[in-house]
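A.B. asks: After the structure tokens below, expect a handful of questions from me.
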Amino acid sequence: MPKYKDSPEVRAAKKERKEKLREFLSLLDVEDMSDLRSVFKEMVGEVLENGLEAELDDELGYSKYDYRNKDTENSRNGYSRKTMKTSAGEVEIAVPRDRNGEFEPRLVKKNETTLSGDIEEKIISMYAKGMTTNDIIRTH
């Protein structure tokens, strides 16, 4: 009889995660590595954009469209495009701006064009655990 390092609960959770991942890949019509690379790039871009939005919310002290709680003269001022190099290829993201030009993103710093492998691995790991992009942003 084989000995397992993981408990039956952990093994069941891993099995369920694998089933969900297969279902997810099926829904996205992933058939080969090219499709998988494309999905990965989209996931990375989505997480980065949502993370940058959350950083700007924190900087300004209010969330988008929540003008009742605005307690600053500074406000959102559109987006600028930025191309990030990842292990899966280039990903174009929308970086939010503020009117006063005071916003200094921490997730993707100004003039930074290469995404470190560490961030990519964390994003993949969190998705593999079944987290949504909103869950991932809250943990960063």
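How things are named: the first chain in the structure tokens is A, the next is B, and so on; residues count from 1 in each chain; ligands count from 1 in the order shown.
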Skipping near chain neighbours, those fewer than 4 positions away, what residues fall within 7 Å of Glu92 of chain A using only C-alpha atoms, listed as number ranges by chain?
C.D. replies: A: 45, 81-84
A.B. asks: Please, which residues of chain A, numbered as in this document, come out helix (DSSP H, G or I) from DSSP, as a PyMOL selection string?
C.D. replies: chain A and resi 8-27+33-60+67-69+117-128+133-139
A.B. asks: Using only C-alpha atoms, which residues of segment 49-140 of chain A come within 12 Å of segment 28-42 of chain A, and what is the closest atom pair for each, with the distance in Å to one decimal? Give it as JSON lines, sorted by chain and residue number.
C.D. replies:
{"residue": "A:Glu49", "atom": "CA", "partner": "A:Glu42", "partner_atom": "CA", "distance": 10.5}
{"residue": "A:Thr83", "atom": "CA", "partner": "A:Lys41", "partner_atom": "CA", "distance": 11.5}
{"residue": "A:Met84", "atom": "CA", "partner": "A:Lys41", "partner_atom": "CA", "distance": 10.0}
{"residue": "A:Lys85", "atom": "CA", "partner": "A:Lys41", "partner_atom": "CA", "distance": 9.9}
{"residue": "A:Thr86", "atom": "CA", "partner": "A:Lys41", "partner_atom": "CA", "distance": 7.9}
{"residue": "A:Ser87", "atom": "CA", "partner": "A:Lys41", "partner_atom": "CA", "distance": 9.0}
{"residue": "A:Ala88", "atom": "CA", "partner": "A:Arg37", "partner_atom": "CA", "distance": 5.6}
{"residue": "A:Gly89", "atom": "CA", "partner": "A:Lys41", "partner_atom": "CA", "distance": 7.3}
{"residue": "A:Glu90", "atom": "CA", "partner": "A:Lys41", "partner_atom": "CA", "distance": 7.7}
{"residue": "A:Val91", "atom": "CA", "partner": "A:Lys41", "partner_atom": "CA", "distance": 6.1}
{"residue": "A:Glu92", "atom": "CA", "partner": "A:Lys41", "partner_atom": "CA", "distance": 9.1}
{"residue": "A:Ile93", "atom": "CA", "partner": "A:Glu42", "partner_atom": "CA", "distance": 9.6}
{"residue": "A:Leu115", "atom": "CA", "partner": "A:Lys41", "partner_atom": "CA", "distance": 11.5}
{"residue": "A:Glu120", "atom": "CA", "partner": "A:Phe40", "partner_atom": "CA", "distance": 9.3}
{"residue": "A:Glu121", "atom": "CA", "partner": "A:Phe40", "partner_atom": "CA", "distance": 11.0}
{"residue": "A:Ile123", "atom": "CA", "partner": "A:Phe40", "partner_atom": "CA", "distance": 9.5}
{"residue": "A:Ile124", "atom": "CA", "partner": "A:Phe40", "partner_atom": "CA", "distance": 8.2}
{"residue": "A:Ser125", "atom": "CA", "partner": "A:Phe40", "partner_atom": "CA", "distance": 11.9}
{"residue": "A:Tyr127", "atom": "CA", "partner": "A:Phe40", "partner_atom": "CA", "distance": 10.1}
{"residue": "A:Ala128", "atom": "CA", "partner": "A:Phe40", "partner_atom": "CA", "distance": 11.7}
{"residue": "A:Thr133", "atom": "CA", "partner": "A:Glu42", "partner_atom": "CA", "distance": 11.3}
A.B. asks: From the options A:Leu25, A:Ala12, A:Leu107, A:Ala94, which residue's atoms come nearest to Gly51 of chain A, counting only C-alpha atoms?
C.D. replies: A:Leu107
A.B. asks: Rank nothing, just name the residue among A:Asp66, A:Asp58, A:Lys18, A:Lys3 nearest to Pro105 of chain A, using only C-alpha atoms.
C.D. replies: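 So, comparing all the options, the nearest one is A:Asp58.
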A.B. asks: At a cut-off of 9 Å, using only C-alpha atoms, what residues contact Lys14 of chain A? Leave out same-chain residues fewer than 5 positions from it and give the result as a list in words.
C.D. replies: Glu9, Glu19 and Lys129 of chain A
A.B. asks: For Glu53 of chain A, find every residue with an atom within 12 Å (counting only C-alpha atoms), except residues of its own chain fewer than 5 positions away, and show them as an MDAnalysis selection string.
C.D. replies: chainID A and resid 46:48 58:64 76 78:79 93:98 103:108 134 137:138
A.B. asks: Restricting the calculation to only C-alpha atoms, which member of A:Leu56, A:Met126, A:Ile119, A:Leu21 is positioned closest to Gly101 of chain A?
C.D. replies: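 Residue with the minimum atom-to-atom distance to Gly101 of chain A: A:Leu56.
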A.B. asks: If I take atom CA of Met43 of chain A and atom CA of Asp6 of chain A, how far is one from the other in Å, to one decimal?
C.D. replies: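 We find that atom CA of Met43 of chain A and atom CA of Asp6 of chain A lie 29.2 Å from each other.
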A.B. asks: Mind giving me the straight-line distance from atom CA of Lys109 of chain A to atom CA of Tyr65 of chain A in Å, one decimal?
C.D. replies: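 Separating atom CA of Lys109 of chain A from atom CA of Tyr65 of chain A is a distance of 24.8 Å.
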A.B. asks: Would you give me, as a PDB file with N, CA and C atoms, in the first residue's frame, the residues in segment 84-133 of chain A that DSSP reads as strand (DSSP E)?
C.D. replies:
ATOM      1  N   MET A  84       4.646  45.249 -21.411  1.00  0.00           N
ATOM      2  CA  MET A  84       5.497  44.526 -20.471  1.00  0.00           C
ATOM      3  C   MET A  84       5.995  43.246 -21.137  1.00  0.00           C
ATOM      4  N   LYS A  85       7.264  42.926 -20.901  1.00  0.00           N
ATOM      5  CA  LYS A  85       7.834  41.671 -21.405  1.00  0.00           C
ATOM      6  C   LYS A  85       7.696  40.616 -20.320  1.00  0.00           C
ATOM      7  N   THR A  86       7.059  39.498 -20.679  1.00  0.00           N
ATOM      8  CA  THR A  86       6.890  38.385 -19.741  1.00  0.00           C
ATOM      9  C   THR A  86       7.513  37.144 -20.354  1.00  0.00           C
ATOM     10  N   GLY A  89       5.736  36.270 -23.535  1.00  0.00           N
ATOM     11  CA  GLY A  89       5.734  37.248 -24.612  1.00  0.00           C
ATOM     12  C   GLY A  89       5.338  38.613 -24.084  1.00  0.00           C
ATOM     13  N   GLU A  90       5.103  39.534 -25.006  1.00  0.00           N
ATOM     14  CA  GLU A  90       4.756  40.900 -24.616  1.00  0.00           C
ATOM     15  C   GLU A  90       3.275  41.023 -24.284  1.00  0.00           C
ATOM     16  N   VAL A  91       2.990  41.780 -23.219  1.00  0.00           N
ATOM     17  CA  VAL A  91       1.625  42.015 -22.762  1.00  0.00           C
ATOM     18  C   VAL A  91       1.425  43.516 -22.685  1.00  0.00           C
ATOM     19  N   GLU A  92       0.386  44.001 -23.339  1.00  0.00           N
ATOM     20  CA  GLU A  92       0.081  45.433 -23.272  1.00  0.00           C
ATOM     21  C   GLU A  92      -0.935  45.662 -22.159  1.00  0.00           C
ATOM     22  N   ILE A  93      -0.624  46.605 -21.268  1.00  0.00           N
ATOM     23  CA  ILE A  93      -1.525  46.907 -20.156  1.00  0.00           C
ATOM     24  C   ILE A  93      -1.877  48.394 -20.164  1.00  0.00           C
ATOM     25  N   ALA A  94      -2.987  48.709 -19.507  1.00  0.00           N
ATOM     26  CA  ALA A  94      -3.415  50.094 -19.343  1.00  0.00           C
ATOM     27  C   ALA A  94      -3.043  50.527 -17.926  1.00  0.00           C
ATOM     28  N   VAL A  95      -2.180  51.522 -17.818  1.00  0.00           N
ATOM     29  CA  VAL A  95      -1.734  52.023 -16.520  1.00  0.00           C
ATOM     30  C   VAL A  95      -2.545  53.275 -16.185  1.00  0.00           C
ATOM     31  N   PRO A  96      -3.280  53.263 -15.065  1.00  0.00           N
ATOM     32  CA  PRO A  96      -4.089  54.441 -14.707  1.00  0.00           C
ATOM     33  C   PRO A  96      -3.197  55.624 -14.323  1.00  0.00           C
ATOM     34  N   ARG A  97      -3.698  56.830 -14.596  1.00  0.00           N
ATOM     35  CA  ARG A  97      -2.966  58.051 -14.253  1.00  0.00           C
ATOM     36  C   ARG A  97      -3.822  58.903 -13.334  1.00  0.00           C
ATOM     37  N   ASP A  98      -3.145  59.768 -12.604  1.00  0.00           N
ATOM     38  CA  ASP A  98      -3.862  60.750 -11.799  1.00  0.00           C
ATOM     39  C   ASP A  98      -3.601  62.138 -12.373  1.00  0.00           C
TER      40      ASP A  98
END
